[in-house]
Structures are given as C-alpha cells and as structure tokens.
Amino acid sequence: MFAIIEAAGWPIWFLLAASVIAVALIIERMIVLRRGRIVPRGLLEEVVDAYRKQGVSAQLIENLYRDSALGRVLAAGLRNHKAPRPVMKEAIEDEGRAVSHELGRFLTTLGTIASISPLMGLFGTIVGMIEIFSAQTPTGSNPAQLAHGISVALYNTGFGLLIAIPAMIFFRYFRGKVEGFVVDMEQQASRLVDIVHGNRR
C-alpha cells in the first residue's frame with residue numbers, strides 16, 4: 001500500500017483524505033438512516049390509541065418527541081391539537097422541515113466528494129504529465145522520472161474514479177432514502193391531523 005502511495009506522488013494525499021471522509025460519512029449515514037430510528041412501525045397507531053384513551057399530556061408529547069424523527073413530527077401536531085386545522089398542519093410542516101434537514105445532513109458533503117474526486121484525480125494526472133515532460137531533455141530522457149510521472153498520472157486517475165463511483169452511488173441511495181422517509185412522515189402526520197379533527201377514524 002505504501003509503495004502505491006509513493007508511486008502515486010503527493011497529489012494522492014488529497015484523494016486519500018477525501019476517501020476517509022467519504023467512508024466515515026457513509027458509515028454514519030447507514031447507522032442514522034435506519035427505518036426503525038426514523039419511521040418506527042406502528043408508532044402512529046400507538047399515538048392515536050393513547051390520544052383516544054387519555055388525551056394529550058405533556059408526558060406523551062415529551063416521550064413522543066424523544067422517540068424518533070416521526071415522533072417529533074407527530075409531537076408537533078399534538079402540541080397544537082386544540083388549534084384550528086391549518087395551525088396544526090403548519091406546526092407539523094415546520095417541524096417536518098427541520099427533521100428533513102437533519103436527515104439530509106452530510107449528504108451535500110458526500111455529493112461534493114463524489115463530484116470533485118475525479119477532478120482531484122485529473123489534477124494528479126496533470127502533475128504526472130508535467131513530470132513526464134520534465135523527464136525529456138535535449139540529451140534524452142530520464143527513465144526513472146518518466147516512469148514516476150506515468151505512475152502519478154495513472155494512479156491518481158484511478159483513485160479519483162475509485163472514490164467517486166461508490167460515493168455517488170451512496171449519495172443517491174441516501175438521498176432517495178431520505179425522500180422516502182419524508183413522504184412517509186408527511187402521510188402519517190396528515191392522517192393524525194384528520195383523526196384529531198374528526199375527518200377520519
């Protein structure tokens with residue numbers, strides 16, 4: 001591994017740093033964006049059952065808020081259960097925007113790494129090409145410098161693509177997952193509003 005890094009030259013360090021950050025973000029998002037933590041199954045039914053049996057209490061709202069992302073959205077609605085329907089929906093939408101922003105945290109960074117990694121690889125390629133041309137002298141060429149220049153060019157191009165492809169795949173996967181969670185939370189929050197205001201059983 002160290003031989004490859006040495007052969008790739010100093011531009012590879014930028015790519016290695018980008019790869020470490022990308023792997024850390026992917027692992028962190030995989031842990032955080034689990035359905036059980038974001039949209040637990042049966043939570044809405046539990047909330048509706050508790051609402052019908054004992055009404056809304058501060059303890060219910062507090063427990064719900066700490067439960068999950070969906071719990072936060074539903075808690076925002078229950079805080080305003082006595083308010084008119086538009087006010088309750090607005091409170092849910094406000095909390096939903098905050099939750100959506102948190103779910104998408106670090107995805108911009110991951111997308112940026114996916115976009116710039118090939119460019120950093122291209123930068124390393126250019127550095128390698130400069131070394132190749134520097135190896136040419138009026139009396140001939142320096143084989144060692146020529147070989148090093150080729151190594152720098154090829155390794156950096158390869159590493160740039162190797163980082164960009166999985167980073168882009170995971171970026172799109174997580175973004176789609178977040179969008180799915182947001183739609184699911186919107187639907188469940190809408191059902192809660194209908195139930196509280198007597199439009200649905």
# chains A, B, ... in the order shown; residues from 1 in each chain; ligands from 1

call {"tool": "select_by_dssp", "arguments": {"residues": "chain A", "states": "alpha helix (DSSP H)", "output": "ChimeraX atom specification"}}
result
/A:2-8,12-32,35-38,43-54,58-67,69-79,85-103,107-134,143-196

call {"tool": "atom_distance", "arguments": {"atom1": "CA of Leu44 in chain A", "atom2": "CA of Glu28 in chain A"}}
result
26.9 Å

call {"tool": "residues_around", "arguments": {"residues": "range 112-127 of chain A", "least_positions_apart": "3", "cutoff": "12 Å", "atoms": "only C-alpha atoms", "output": "count of residues only"}}
result
53

call {"tool": "select_by_dssp", "arguments": {"residues": "range 1-154 of chain A", "states": "strand (DSSP E or B)", "output": "list of chain:residue names"}}
result
A:Gln136, A:Thr137, A:Gly140, A:Ser141

call {"tool": "residues_around", "arguments": {"residues": "Ile38 in chain A", "least_positions_apart": "6", "cutoff": "8 Å", "atoms": "only C-alpha atoms", "output": "JSON, numbers by chain"}}
result
{"A": [68, 69, 70, 181]}

call {"tool": "write_last_selection", "arguments": {"atoms": "C-alpha atoms", "output": "PDB file, in the first residue's frame"}}
result
ATOM      1  CA  SER A  68     -37.840   9.205  16.590  1.00  0.00           C
ATOM      2  CA  ALA A  69     -37.981  11.652  13.694  1.00  0.00           C
ATOM      3  CA  LEU A  70     -41.610  10.704  13.039  1.00  0.00           C
ATOM      4  CA  PHE A 181     -38.866   8.863   4.838  1.00  0.00           C
TER       5      PHE A 181
END

call {"tool": "residues_around", "arguments": {"residues": "Ile195 in chain A", "least_positions_apart": "4", "cutoff": "12 Å", "atoms": "only C-alpha atoms", "output": "PyMOL selection string"}}
result
chain A and resi 44-45+47-49+51-52+77-78+81+85+188-191+199-201

call {"tool": "residues_around", "arguments": {"residues": "range 94-100 of chain A", "least_positions_apart": "6", "cutoff": "7 Å", "atoms": "only C-alpha atoms", "output": "PyMOL selection string"}}
result
chain A and resi 69+73+76+182

call {"tool": "residues_around", "arguments": {"residues": "Glu62 in chain A", "least_positions_apart": "2", "cutoff": "12 Å", "atoms": "only C-alpha atoms", "output": "PyMOL selection string"}}
result
chain A and resi 56-60+64-68+71-76+78-79

call {"tool": "closest_residue", "arguments": {"among": "A:Leu103, A:Met129, A:Val193, A:Ile61", "to": "Arg29 in chain A", "atoms": "only C-alpha atoms"}}
result
A:Leu103

call {"tool": "atom_distance", "arguments": {"atom1": "CA of Ala83 in chain A", "atom2": "CA of Gly180 in chain A"}}
result
28.7 Å

call {"tool": "closest_residue", "arguments": {"among": "A:Gly128, A:Pro86, A:Gly198, A:Gly104", "to": "Gly176 in chain A", "atoms": "only C-alpha atoms"}}
result
A:Gly104

call {"tool": "atom_distance", "arguments": {"atom1": "CA of Arg34 in chain A", "atom2": "CA of Lys177 in chain A"}}
result
9.3 Å
